[in-house]
$ cat target11.txt   # compact mmCIF, C-alpha atoms
# COMPACT_ATOMS: atom_id res chain seq x y z
CA MET A 1 -16.82 -29.53 28.07
CA PRO A 2 -17.23 -26.37 30.15
CA PHE A 3 -16.27 -22.95 28.84
CA LYS A 4 -12.83 -21.77 29.91
CA ARG A 5 -12.58 -18.33 28.34
CA TYR A 6 -15.29 -15.94 29.52
CA VAL A 7 -16.36 -12.56 28.27
CA GLU A 8 -15.43 -10.32 31.16
CA ILE A 9 -13.98 -6.91 31.67
CA GLY A 10 -10.28 -7.20 31.02
CA ARG A 11 -10.48 -10.18 28.67
CA VAL A 12 -8.03 -9.77 25.79
CA ALA A 13 -9.52 -10.71 22.42
CA LEU A 14 -8.32 -10.91 18.84
CA VAL A 15 -10.28 -9.08 16.16
CA ASN A 16 -11.06 -11.53 13.38
CA TYR A 17 -13.08 -9.41 10.94
CA GLY A 18 -13.17 -5.87 9.71
CA LYS A 19 -10.95 -2.84 9.65
CA ASP A 20 -8.93 -3.81 12.74
CA TYR A 21 -8.37 -7.41 11.65
CA GLY A 22 -5.58 -9.08 13.58
CA LYS A 23 -5.41 -6.60 16.43
CA LEU A 24 -5.39 -7.50 20.10
CA VAL A 25 -8.06 -5.56 22.00
CA VAL A 26 -9.30 -5.53 25.58
CA ILE A 27 -12.98 -5.86 26.48
CA VAL A 28 -13.61 -2.81 28.56
CA ASP A 29 -17.41 -3.01 29.02
CA VAL A 30 -20.34 -5.08 27.82
CA ILE A 31 -23.02 -3.09 26.02
CA ASP A 32 -25.69 -5.71 25.52
CA GLN A 33 -26.04 -9.34 24.57
CA ASN A 34 -24.18 -8.91 21.32
CA ARG A 35 -21.80 -6.03 21.67
CA ALA A 36 -18.85 -5.06 23.77
CA LEU A 37 -16.99 -1.83 24.30
CA VAL A 38 -13.47 -2.54 23.23
CA ASP A 39 -10.21 -0.64 23.58
CA ALA A 40 -6.56 -0.97 22.63
CA PRO A 41 -3.56 1.30 23.13
CA ASP A 42 -3.44 2.31 19.47
CA MET A 43 -7.13 2.67 18.65
CA VAL A 44 -10.10 4.78 19.61
CA ARG A 45 -12.36 3.03 22.10
CA GLY A 46 -15.42 1.70 20.28
CA GLN A 47 -18.07 -0.96 20.15
CA MET A 48 -17.65 -4.31 18.47
CA ASN A 49 -19.92 -7.26 17.98
CA PHE A 50 -18.79 -10.40 19.81
CA LYS A 51 -18.91 -12.20 16.51
CA ARG A 52 -15.95 -10.13 15.41
CA LEU A 53 -13.88 -11.16 18.41
CA THR A 54 -12.09 -14.35 19.32
CA LEU A 55 -11.34 -14.61 23.04
CA THR A 56 -7.81 -15.42 24.17
CA ASP A 57 -6.48 -16.87 27.41
CA ILE A 58 -5.11 -13.55 28.58
CA LYS A 59 -6.99 -11.45 31.10
CA ILE A 60 -5.90 -8.21 32.71
CA ASP A 61 -7.06 -6.47 35.85
CA ILE A 62 -8.89 -3.24 35.08
CA PRO A 63 -11.89 -1.37 36.43
CA ARG A 64 -14.89 -0.94 34.15
CA VAL A 65 -14.11 1.52 31.27
CA PRO A 66 -10.68 2.65 32.46
CA LYS A 67 -8.91 5.73 31.20
CA LYS A 68 -6.52 5.10 28.35
CA LYS A 69 -3.52 5.67 30.60
CA THR A 70 -4.79 3.17 33.17
CA LEU A 71 -5.44 0.65 30.44
CA ILE A 72 -1.92 0.98 29.06
CA GLU A 73 -0.41 0.65 32.53
CA ALA A 74 -2.46 -2.46 33.25
CA MET A 75 -1.47 -4.01 29.95
CA ASP A 76 2.19 -3.38 30.67
CA LYS A 77 1.90 -4.81 34.18
CA ALA A 78 0.27 -7.98 32.90
CA ASP A 79 2.83 -8.06 30.06
CA VAL A 80 0.15 -8.83 27.50
CA LYS A 81 2.41 -8.33 24.50
CA ASN A 82 5.06 -10.81 25.57
CA LYS A 83 2.54 -13.35 26.83
CA TRP A 84 0.81 -13.19 23.47
CA GLU A 85 3.96 -13.44 21.40
CA ASN A 86 5.18 -16.43 23.40
CA SER A 87 1.92 -18.31 23.23
CA SER A 88 1.69 -20.90 20.45
CA TRP A 89 -1.28 -19.07 18.91
CA GLY A 90 0.61 -15.80 18.83
CA LYS A 91 3.72 -17.48 17.44
CA LYS A 92 1.67 -19.06 14.65
CA LEU A 93 0.28 -15.69 13.64
CA ILE A 94 3.74 -14.15 13.55
CA VAL A 95 5.00 -16.95 11.31
CA GLN A 96 1.99 -16.57 9.00
CA LYS A 97 2.64 -12.85 8.67
CA ARG A 98 6.31 -13.45 7.95
CA ARG A 99 5.52 -16.04 5.29
CA ALA A 100 3.04 -13.73 3.60
CA SER A 101 5.55 -10.93 3.37
CA LEU A 102 8.31 -13.04 1.80
CA ASN A 103 10.07 -11.67 -1.24
CA ASP A 104 10.60 -13.84 -4.37
CA PHE A 105 14.30 -14.01 -3.48
CA ASP A 106 13.44 -15.00 0.09
CA ARG A 107 11.26 -17.81 -1.17
CA PHE A 108 14.15 -19.04 -3.29
CA LYS A 109 16.53 -18.97 -0.33
CA ILE A 110 14.03 -20.87 1.77
CA MET A 111 13.72 -23.51 -0.92
CA LEU A 112 17.49 -24.00 -0.91
CA ALA A 113 17.52 -24.19 2.89
CA LYS A 114 14.72 -26.78 2.93
CA ILE A 115 16.52 -28.93 0.40
CA LYS A 116 19.71 -28.74 2.45
CA ARG A 117 17.91 -29.65 5.66
CA ALA A 118 16.17 -32.57 4.01
CA GLY A 119 19.52 -33.77 2.73
CA VAL A 120 21.06 -33.70 6.19
CA VAL A 121 18.07 -35.53 7.69
CA ARG A 122 18.20 -38.17 5.02
CA GLN A 123 21.90 -38.76 5.61
CA GLU A 124 21.34 -39.24 9.33
CA LEU A 125 18.47 -41.60 8.62
CA ALA A 126 20.60 -43.63 6.26
CA LYS A 127 23.31 -43.80 8.90
CA LEU A 128 20.88 -45.01 11.55
CA LYS A 129 19.39 -47.54 9.18
CA LYS A 130 22.82 -48.93 8.45
CA GLU A 131 23.65 -49.21 12.13
CA ASN A 132 20.39 -50.94 12.79
CA ALA A 133 20.74 -53.36 9.92
CA SER A 134 24.21 -54.47 10.93
CA MET B 135 -0.26 42.97 -36.91
CA ALA B 136 1.99 44.25 -34.14
CA ALA B 137 5.10 42.20 -33.54
CA LYS B 138 4.53 39.36 -31.04
CA ARG B 139 6.58 39.46 -27.86
CA LYS B 140 8.77 36.48 -27.14
CA THR B 141 7.41 36.06 -23.58
CA PRO B 142 3.90 37.31 -22.88
CA VAL B 143 3.82 40.04 -20.21
CA LYS B 144 1.93 39.08 -17.13
CA THR B 145 -1.08 41.34 -16.77
CA ARG B 146 -0.56 44.59 -15.00
CA ASN B 147 -4.14 44.35 -13.75
CA PRO B 148 -4.46 41.71 -11.04
CA ASP B 149 -7.88 40.10 -10.50
CA LEU B 150 -9.79 40.99 -7.37
CA ILE B 151 -12.15 38.16 -8.20
CA ARG B 152 -12.77 36.55 -11.56
CA GLY B 153 -14.01 39.17 -13.95
CA VAL B 154 -13.15 42.19 -11.82
CA GLY B 155 -9.74 43.84 -12.14
CA LYS B 156 -8.10 45.99 -9.56
CA TYR B 157 -7.58 48.98 -11.83
CA SER B 158 -10.13 50.97 -13.85
CA ARG B 159 -9.88 51.67 -17.56
CA SER B 160 -8.36 55.10 -17.04
CA LYS B 161 -5.85 53.79 -14.53
CA MET B 162 -4.87 50.98 -16.92
CA TYR B 163 -4.44 53.52 -19.72
CA HIS B 164 -1.94 55.28 -17.53
CA LYS B 165 -0.24 52.08 -16.39
CA ARG B 166 0.30 50.78 -19.91
CA GLY B 167 1.99 54.02 -20.83
CA LEU B 168 -0.25 54.73 -23.81
CA TRP B 169 0.05 58.44 -22.96
CA ALA B 170 3.83 58.17 -23.40
CA ILE B 171 3.51 56.37 -26.73
CA LYS B 172 1.10 59.03 -27.94
CA ALA B 173 3.35 61.84 -26.73
CA LYS B 174 6.29 60.35 -28.63
CA ASN B 175 4.16 60.20 -31.75
CA GLY B 176 2.81 63.72 -31.61
CA GLY B 177 -0.54 63.22 -29.89
CA VAL B 178 -1.72 60.43 -32.16
CA PHE B 179 -1.48 56.74 -31.57
CA PRO B 180 1.02 55.36 -34.09
CA ARG B 181 -0.35 53.21 -36.84
CA HIS B 182 1.53 51.19 -39.38
CA ASP B 183 0.22 51.01 -42.92
CA PRO B 184 -0.06 47.45 -44.15
CA LYS B 185 3.04 46.42 -46.07
CA SER B 186 2.33 46.23 -49.78
CA LYS B 187 2.65 42.67 -50.94
CA ALA B 188 3.78 41.63 -54.40
CA PRO B 189 0.67 40.47 -56.29
CA ALA B 190 0.45 36.65 -56.17
CA ALA B 191 0.74 34.91 -59.54
CA ALA B 192 -2.69 34.16 -60.98
CA GLU B 193 -3.51 30.50 -60.27
CA LYS B 194 -4.70 28.30 -63.08
CA ALA B 195 -7.80 26.25 -62.48
CA PRO B 196 -6.74 22.67 -61.62
CA LYS B 197 -7.01 20.09 -64.42
CA PHE B 198 -8.97 17.68 -62.28
CA TYR B 199 -11.20 18.12 -59.31
CA PRO B 200 -13.69 15.69 -57.78
CA ALA B 201 -17.35 16.01 -58.68
CA ASP B 202 -18.57 16.34 -55.07
CA ASP B 203 -16.80 18.19 -52.36
CA VAL B 204 -14.33 15.93 -50.56
CA LYS B 205 -14.21 16.19 -46.77
CA LYS B 206 -10.84 17.00 -45.25
CA PRO B 207 -9.97 14.92 -42.19
CA LEU B 208 -9.55 16.93 -39.01
CA PRO B 209 -5.91 17.70 -38.21
CA ASN B 210 -4.45 15.39 -35.54
CA LYS B 211 -1.91 17.20 -33.39
CA ARG B 212 -1.57 14.55 -30.65
CA LYS B 213 1.95 13.64 -29.64
CA PRO B 214 2.54 10.21 -28.06
CA LYS B 215 3.81 10.49 -24.49
CA PRO B 216 6.88 8.52 -23.37
CA THR B 217 5.88 5.33 -21.54
CA LYS B 218 5.70 5.87 -17.80
CA LEU B 219 8.05 3.58 -15.93
CA ARG B 220 6.50 1.81 -12.95
CA ALA B 221 7.81 3.14 -9.65
CA SER B 222 8.92 -0.36 -8.64
CA ILE B 223 11.32 -0.60 -11.59
CA THR B 224 14.64 1.17 -10.95
CA PRO B 225 18.07 0.46 -12.49
CA GLY B 226 19.35 -2.76 -10.94
CA THR B 227 15.96 -4.29 -10.20
CA VAL B 228 15.57 -8.00 -10.79
CA LEU B 229 12.65 -8.56 -13.18
CA ILE B 230 10.78 -11.76 -14.02
CA LEU B 231 10.06 -12.11 -17.74
CA LEU B 232 6.56 -13.37 -18.38
CA ALA B 233 6.48 -14.13 -22.08
CA GLY B 234 8.65 -15.03 -25.00
CA ARG B 235 11.68 -17.22 -25.36
CA PHE B 236 12.99 -16.40 -21.89
CA MET B 237 9.69 -16.81 -20.07
CA GLY B 238 10.23 -17.19 -16.35
CA LYS B 239 13.82 -16.03 -16.35
CA ARG B 240 14.96 -13.63 -13.69
CA VAL B 241 16.85 -10.80 -15.29
CA VAL B 242 18.55 -7.51 -14.32
CA PHE B 243 17.06 -4.21 -15.49
CA LEU B 244 19.54 -1.66 -16.85
CA LYS B 245 17.64 1.33 -18.21
CA GLN B 246 14.58 2.47 -20.09
CA LEU B 247 15.15 3.30 -23.76
CA THR B 248 13.55 6.23 -25.53
CA SER B 249 11.03 3.95 -27.21
CA GLY B 250 9.72 3.01 -23.75
CA LEU B 251 11.11 -0.53 -23.81
CA LEU B 252 13.29 -1.75 -20.98
CA LEU B 253 16.93 -2.67 -21.60
CA VAL B 254 17.67 -5.87 -19.77
CA THR B 255 20.52 -8.36 -19.43
CA GLY B 256 20.75 -11.90 -17.93
CA PRO B 257 23.66 -11.56 -17.30
CA PHE B 258 24.37 -13.83 -20.25
CA LYS B 259 26.83 -16.08 -18.43
CA ILE B 260 24.37 -16.72 -15.63
CA ASN B 261 21.11 -17.43 -17.40
CA GLY B 262 21.61 -17.04 -21.14
CA VAL B 263 19.61 -13.85 -21.56
CA PRO B 264 21.63 -11.38 -23.67
CA LEU B 265 21.28 -7.60 -23.79
CA ARG B 266 17.69 -7.39 -24.83
CA ARG B 267 14.71 -5.09 -25.03
CA VAL B 268 11.59 -6.06 -23.16
CA ASN B 269 8.18 -4.48 -22.78
CA GLN B 270 7.24 -3.26 -19.34
CA SER B 271 3.86 -5.00 -19.51
CA TYR B 272 5.41 -8.45 -19.79
CA VAL B 273 7.47 -8.15 -16.69
CA ILE B 274 7.04 -8.59 -12.93
CA ALA B 275 9.27 -6.32 -10.89
CA THR B 276 10.67 -7.94 -7.76
CA SER B 277 11.93 -5.93 -4.84
CA THR B 278 15.43 -7.42 -5.15
CA LYS B 279 17.98 -4.88 -6.39
CA VAL B 280 21.48 -5.45 -7.76
CA ASP B 281 24.23 -2.86 -7.53
CA ILE B 282 24.56 -1.48 -11.04
CA SER B 283 26.94 1.41 -10.49
CA GLY B 284 29.85 -0.16 -12.35
CA VAL B 285 27.96 -0.57 -15.60
CA ASN B 286 28.00 1.90 -18.50
CA VAL B 287 24.86 1.66 -20.60
CA GLU B 288 25.15 4.97 -22.43
CA LYS B 289 25.78 3.46 -25.84
CA PHE B 290 22.70 1.26 -26.01
CA VAL B 291 19.83 2.83 -27.92
CA ASP B 292 16.93 1.43 -29.90
CA LYS B 293 18.94 1.69 -33.10
CA TYR B 294 21.51 -0.77 -31.67
CA PHE B 295 18.80 -3.43 -31.70
CA ALA B 296 17.46 -2.75 -35.19
CA LYS B 297 17.39 -5.71 -37.56
CA GLU B 298 20.05 -5.69 -40.23
CA VAL B 299 18.58 -5.00 -43.67
CA GLN B 300 19.33 -7.83 -46.12
CA LYS B 301 19.97 -6.86 -49.69
CA LYS B 302 17.35 -8.56 -51.84
CA LYS B 303 18.81 -11.01 -54.33
CA LYS B 304 17.02 -11.74 -57.55
CA LYS B 305 16.28 -15.43 -57.55
CA GLY B 306 16.92 -17.29 -60.73
CA GLU B 307 15.52 -20.80 -61.18
CA GLY B 308 18.70 -22.61 -60.43
CA GLU B 309 19.42 -20.44 -57.47
CA PHE B 310 16.18 -21.33 -55.74
CA PHE B 311 17.58 -24.50 -54.26
CA GLU B 312 20.87 -22.96 -53.29
CA ALA B 313 19.20 -20.04 -51.55
CA GLU B 314 17.79 -22.48 -48.98
CA LYS B 315 21.26 -23.13 -47.66
CA GLU B 316 21.90 -19.59 -46.44
CA ASP B 317 24.46 -19.68 -43.67
CA LYS B 318 23.12 -19.07 -40.15
CA LYS B 319 23.31 -15.47 -39.03
CA LYS B 320 26.31 -15.09 -36.74
CA LEU B 321 26.36 -12.58 -33.93
CA PRO B 322 28.88 -9.87 -34.77
CA GLU B 323 31.91 -9.85 -32.50
CA ASP B 324 31.37 -6.34 -31.23
CA LYS B 325 27.98 -7.28 -29.83
CA LYS B 326 29.61 -10.12 -27.92
CA GLU B 327 32.20 -7.66 -26.60
CA ASP B 328 29.45 -5.29 -25.48
CA GLN B 329 27.77 -8.12 -23.63
CA LYS B 330 30.98 -9.06 -21.86
CA ALA B 331 31.69 -5.45 -20.92
CA VAL B 332 28.26 -4.96 -19.36
CA ASP B 333 28.22 -8.30 -17.61
CA GLY B 334 31.72 -8.03 -16.17
CA SER B 335 31.03 -5.67 -13.31
CA LEU B 336 27.46 -6.91 -12.94
CA ILE B 337 28.56 -10.45 -12.22
CA LYS B 338 31.02 -9.21 -9.60
CA SER B 339 28.31 -7.39 -7.69
CA ILE B 340 25.99 -10.37 -8.07
CA GLU B 341 28.53 -12.76 -6.62
CA GLY B 342 28.81 -10.46 -3.63
CA VAL B 343 25.32 -11.44 -2.50
CA PRO B 344 24.95 -15.04 -1.34
CA ASP B 345 22.61 -17.22 -3.43
CA LEU B 346 21.85 -14.38 -5.88
CA LYS B 347 23.68 -16.09 -8.72
CA ALA B 348 21.70 -19.30 -8.30
CA TYR B 349 18.53 -17.21 -8.00
CA LEU B 350 19.16 -15.53 -11.34
CA ALA B 351 20.04 -18.83 -12.96
CA ALA B 352 16.76 -20.44 -11.91
CA ARG B 353 13.44 -19.88 -13.65
CA PHE B 354 10.35 -18.68 -11.87
CA SER B 355 7.22 -20.79 -11.96
CA LEU B 356 3.95 -20.91 -10.10
CA LYS B 357 3.74 -23.94 -7.87
CA SER B 358 0.76 -25.54 -6.22
CA GLY B 359 -0.70 -23.33 -3.52
CA MET B 360 0.91 -20.10 -4.72
CA LYS B 361 -1.69 -17.42 -5.19
CA PRO B 362 -0.31 -14.67 -7.47
CA HIS B 363 -2.58 -12.01 -6.05
CA GLU B 364 -1.27 -12.73 -2.56
CA LEU B 365 2.39 -13.12 -3.43
CA VAL B 366 4.79 -10.35 -2.56
CA PHE B 367 7.44 -10.14 -5.25
$ encode --input "target11.txt" --output "structure tokens"
Amino acid sequence: MPFKRYVEIGRVALVNYGKDYGKLVVIVDVIDQNRALVDAPDMVRGQMNFKRLTLTDIKIDIPRVPKKKTLIEAMDKADVKNKWENSSWGKKLIVQKRRASLNDFDRFKIMLAKIKRAGVVRQELAKLKKENAS
Amino acid sequence: MAAKRKTPVKTRNPDLIRGVGKYSRSKMYHKRGLWAIKAKNGGVFPRHDPKSKAPAAAEKAPKFYPADDVKKPLPNKRKPKPTKLRASITPGTVLILLAGRFMGKRVVFLKQLTSGLLLVTGPFKINGVPLRRVNQSYVIATSTKVDISGVNVEKFVDKYFAKEVQKKKKKGEGEFFEAEKEDKKKLPEDKKEDQKAVDGSLIKSIEGVPDLKAYLAARFSLKSGMKPHELVF
């Protein structure tokens, strides 16, 4: 099983620990074996240990340590945000966030909706069973 | 003693820094107008002789006093502060009751009474909780709000909820057994009317929101996998 996602300049990664947990950042330079210089449109460029990053499939085309403006332009050209939000990983995270922010009333409404859906499914199943049996 | 002023005058001598005033003693003498008071009084500062008091009646020595000196407790001048209402609780908020007969019921908050307790109603038709007082500590505030503008809660005070005092009856021997069969306390009609009046407009605004009526009718409970410290209410 070869590696598919490499640490390289322009690799988009997800922060999985620390103050910026959950943010998408771009690897902008490699400092040494363990650390990378990392940047994102809404944060100050800084170093992060690789152990805090999870690499994604997305890569953008930037020179080493670009200016913030260049970085933002490159991210828009590669359409990082939309690619991320349409990927199954990104969609999962959005759903998790939504579920965590649910109100008590929202949870109640979801319970009613689930019961309704299960009822409809069960009716269809019963119908199909009957057709099959006859 | 000179007469006290109703509002103390703010000092005519502003501080340059703490402990050092802007004006010297002689300047302050002039500013306060002591020269004018003296001039009015003929060069002498006016003094009032102490008013002669009627001599107090001679006190008799008390008949009884304790052998050793008794310590007086220190005076306690603390005044209890009114309970602070949590910022998340505003009129119309749906609250979850955590203890008591209506544990788990979702209920509408009306107002905070002067005793600090929260006035709350089911509404009665929806979940059986009447107009009731509830302590803020035994309540979870959700972020769901109900429109409460049509409700008048002016007349409800702590006294409204006081228990009725029963006149004590002297029990004779024969009456012991009959006293067991006291009739059940009935709710007075005017309290039922109050409940209906409050709930009338409330129920209308509740029915305006889909599923809210069923939500208030259901009880809250923790299910498997729900972590209270991670739940958003």
$ interface_residues --input "target11.txt" --of "chain B" --to "chain A" --cutoff "12 Å" --atoms "all atoms listed in the file" --output "mmCIF file with C-alpha atoms, keeping the file's coordinate frame"
data_model
loop_
_atom_site.group_PDB
_atom_site.id
_atom_site.type_symbol
_atom_site.label_atom_id
_atom_site.label_comp_id
_atom_site.auth_asym_id
_atom_site.auth_seq_id
_atom_site.Cartn_x
_atom_site.Cartn_y
_atom_site.Cartn_z
ATOM 1 C CA THR B 227 15.960 -4.290 -10.200
ATOM 2 C CA VAL B 228 15.570 -8.000 -10.790
ATOM 3 C CA LEU B 229 12.650 -8.560 -13.180
ATOM 4 C CA ILE B 230 10.780 -11.760 -14.020
ATOM 5 C CA ARG B 240 14.960 -13.630 -13.690
ATOM 6 C CA ILE B 274 7.040 -8.590 -12.930
ATOM 7 C CA ALA B 275 9.270 -6.320 -10.890
ATOM 8 C CA THR B 276 10.670 -7.940 -7.760
ATOM 9 C CA SER B 277 11.930 -5.930 -4.840
ATOM 10 C CA THR B 278 15.430 -7.420 -5.150
ATOM 11 C CA LYS B 279 17.980 -4.880 -6.390
ATOM 12 C CA VAL B 280 21.480 -5.450 -7.760
ATOM 13 C CA VAL B 343 25.320 -11.440 -2.500
ATOM 14 C CA PRO B 344 24.950 -15.040 -1.340
ATOM 15 C CA ASP B 345 22.610 -17.220 -3.430
ATOM 16 C CA LEU B 346 21.850 -14.380 -5.880
ATOM 17 C CA LYS B 347 23.680 -16.090 -8.720
ATOM 18 C CA ALA B 348 21.700 -19.300 -8.300
ATOM 19 C CA TYR B 349 18.530 -17.210 -8.000
ATOM 20 C CA LEU B 350 19.160 -15.530 -11.340
ATOM 21 C CA ALA B 351 20.040 -18.830 -12.960
ATOM 22 C CA ALA B 352 16.760 -20.440 -11.910
ATOM 23 C CA ARG B 353 13.440 -19.880 -13.650
ATOM 24 C CA PHE B 354 10.350 -18.680 -11.870
ATOM 25 C CA SER B 355 7.220 -20.790 -11.960
ATOM 26 C CA LEU B 356 3.950 -20.910 -10.100
ATOM 27 C CA LYS B 357 3.740 -23.940 -7.870
ATOM 28 C CA MET B 360 0.910 -20.100 -4.720
ATOM 29 C CA LYS B 361 -1.690 -17.420 -5.190
ATOM 30 C CA PRO B 362 -0.310 -14.670 -7.470
ATOM 31 C CA HIS B 363 -2.580 -12.010 -6.050
ATOM 32 C CA GLU B 364 -1.270 -12.730 -2.560
ATOM 33 C CA LEU B 365 2.390 -13.120 -3.430
ATOM 34 C CA VAL B 366 4.790 -10.350 -2.560
ATOM 35 C CA PHE B 367 7.440 -10.140 -5.250
#
$ closest_residue --input "target11.txt" --among "A:Arg35, A:Arg45, A:Lys59, A:Lys77" --to "Ala13 (chain A)" --atoms "only C-alpha atoms"
A:Lys59
$ residues_around --input "target11.txt" --residues "Leu253 (chain B)" --least-positions-apart "6" --cutoff "8 Å" --atoms "only C-alpha atoms" --output "PyMOL selection string"
chain B and resi 243-247+265-268
$ residues_around --input "target11.txt" --residues "Gly284 (chain B)" --least-positions-apart "5" --cutoff "9 Å" --atoms "all atoms listed in the file" --output "VMD selection string"
chain B and resid 332 334 to 336 339
$ closest_residue --input "target11.txt" --among "B:Val273, B:Ile337, B:Leu251, B:Ile171" --to "Thr217 (chain B)" --atoms "only C-alpha atoms"
B:Leu251
$ residues_around --input "target11.txt" --residues "Gly46 (chain A)" --least-positions-apart "5" --cutoff "9 Å" --atoms "only C-alpha atoms" --output "list in words"
Ala36, Leu37, Val38 and Asp39 of chain A
$ residues_around --input "target11.txt" --residues "Phe50 (chain A)" --least-positions-apart "6" --cutoff "12 Å" --atoms "all atoms listed in the file" --output "list in words"
Tyr6, Val7, Glu8, Ala13, Leu14, Val15, Asn16, Tyr17, Val25, Ile27, Asp29, Val30, Ile31, Asp32, Gln33, Asn34, Arg35, Ala36, Leu37 and Val38 of chain A
$ atom_distance --input "target11.txt" --atom1 "CA of Lys91 (chain A)" --atom2 "CA of Phe3 (chain A)"
23.7 Å
$ atom_distance --input "target11.txt" --atom1 "CA of Leu168 (chain B)" --atom2 "CA of Asn147 (chain B)"
15.0 Å
$ closest_residue --input "target11.txt" --among "B:His182, B:Lys320, B:Lys259, B:Lys325" --to "Lys289 (chain B)" --atoms "all atoms listed in the file"
B:Lys325
$ atom_distance --input "target11.txt" --atom1 "CA of Lys144 (chain B)" --atom2 "CA of Lys174 (chain B)"
24.6 Å
$ residues_around --input "target11.txt" --residues "Tyr272 (chain B)" --least-positions-apart "4" --cutoff "8 Å" --atoms "only C-alpha atoms" --output "PDB file with C-alpha atoms, in the coordinates of the input"
ATOM      1  CA  LEU B 231      10.060 -12.110 -17.740  1.00  0.00           C
ATOM      2  CA  LEU B 232       6.560 -13.370 -18.380  1.00  0.00           C
ATOM      3  CA  ALA B 233       6.480 -14.130 -22.080  1.00  0.00           C
ATOM      4  CA  VAL B 268      11.590  -6.060 -23.160  1.00  0.00           C
TER       5      VAL B 268
END
$ build_atoms --input "target11.txt" --residues "region 162-167 of chain B" --atoms "all heavy atoms" --output "compact mmCIF listing (two decimals), in the frame of the given file"
# COMPACT_ATOMS: atom_id res chain seq x y z
N MET B 162 -5.62 51.91 -16.08
CA MET B 162 -4.87 50.98 -16.92
C MET B 162 -4.24 51.72 -18.08
O MET B 162 -3.14 51.44 -18.52
CB MET B 162 -5.77 49.85 -17.44
CG MET B 162 -6.01 48.77 -16.42
SD MET B 162 -4.51 48.19 -15.62
CE MET B 162 -3.67 47.43 -16.96
N TYR B 163 -4.99 52.71 -18.63
CA TYR B 163 -4.44 53.52 -19.72
C TYR B 163 -3.12 54.14 -19.29
O TYR B 163 -2.13 54.15 -20.02
CB TYR B 163 -5.47 54.60 -20.09
CG TYR B 163 -4.99 55.59 -21.11
CD1 TYR B 163 -5.11 55.30 -22.47
CD2 TYR B 163 -4.42 56.81 -20.74
CE1 TYR B 163 -4.69 56.20 -23.42
CE2 TYR B 163 -3.99 57.71 -21.69
CZ TYR B 163 -4.12 57.42 -23.01
OH TYR B 163 -3.70 58.30 -23.96
N HIS B 164 -3.16 54.65 -18.04
CA HIS B 164 -1.94 55.28 -17.53
C HIS B 164 -0.84 54.26 -17.29
O HIS B 164 0.32 54.48 -17.64
CB HIS B 164 -2.27 56.02 -16.23
CG HIS B 164 -1.06 56.64 -15.63
ND1 HIS B 164 -0.48 57.78 -16.12
CD2 HIS B 164 -0.30 56.26 -14.57
CE1 HIS B 164 0.59 58.08 -15.39
NE2 HIS B 164 0.72 57.17 -14.44
N LYS B 165 -1.25 53.10 -16.73
CA LYS B 165 -0.24 52.08 -16.39
C LYS B 165 0.46 51.57 -17.63
O LYS B 165 1.66 51.30 -17.63
CB LYS B 165 -0.91 50.90 -15.68
CG LYS B 165 -0.83 50.94 -14.19
CD LYS B 165 -1.64 49.76 -13.68
CE LYS B 165 -1.26 49.21 -12.35
NZ LYS B 165 -0.03 49.10 -11.82
N ARG B 166 -0.30 51.37 -18.72
CA ARG B 166 0.30 50.78 -19.91
C ARG B 166 1.19 51.79 -20.61
O ARG B 166 1.92 51.45 -21.53
CB ARG B 166 -0.78 50.28 -20.86
CG ARG B 166 -1.42 49.00 -20.36
CD ARG B 166 -2.65 48.64 -21.15
NE ARG B 166 -2.30 48.33 -22.52
CZ ARG B 166 -3.18 48.27 -23.51
NH1 ARG B 166 -4.44 48.57 -23.27
NH2 ARG B 166 -2.82 47.96 -24.73
N GLY B 167 1.10 53.04 -20.24
CA GLY B 167 1.99 54.02 -20.83
C GLY B 167 1.52 54.47 -22.19
O GLY B 167 2.32 54.96 -23.00
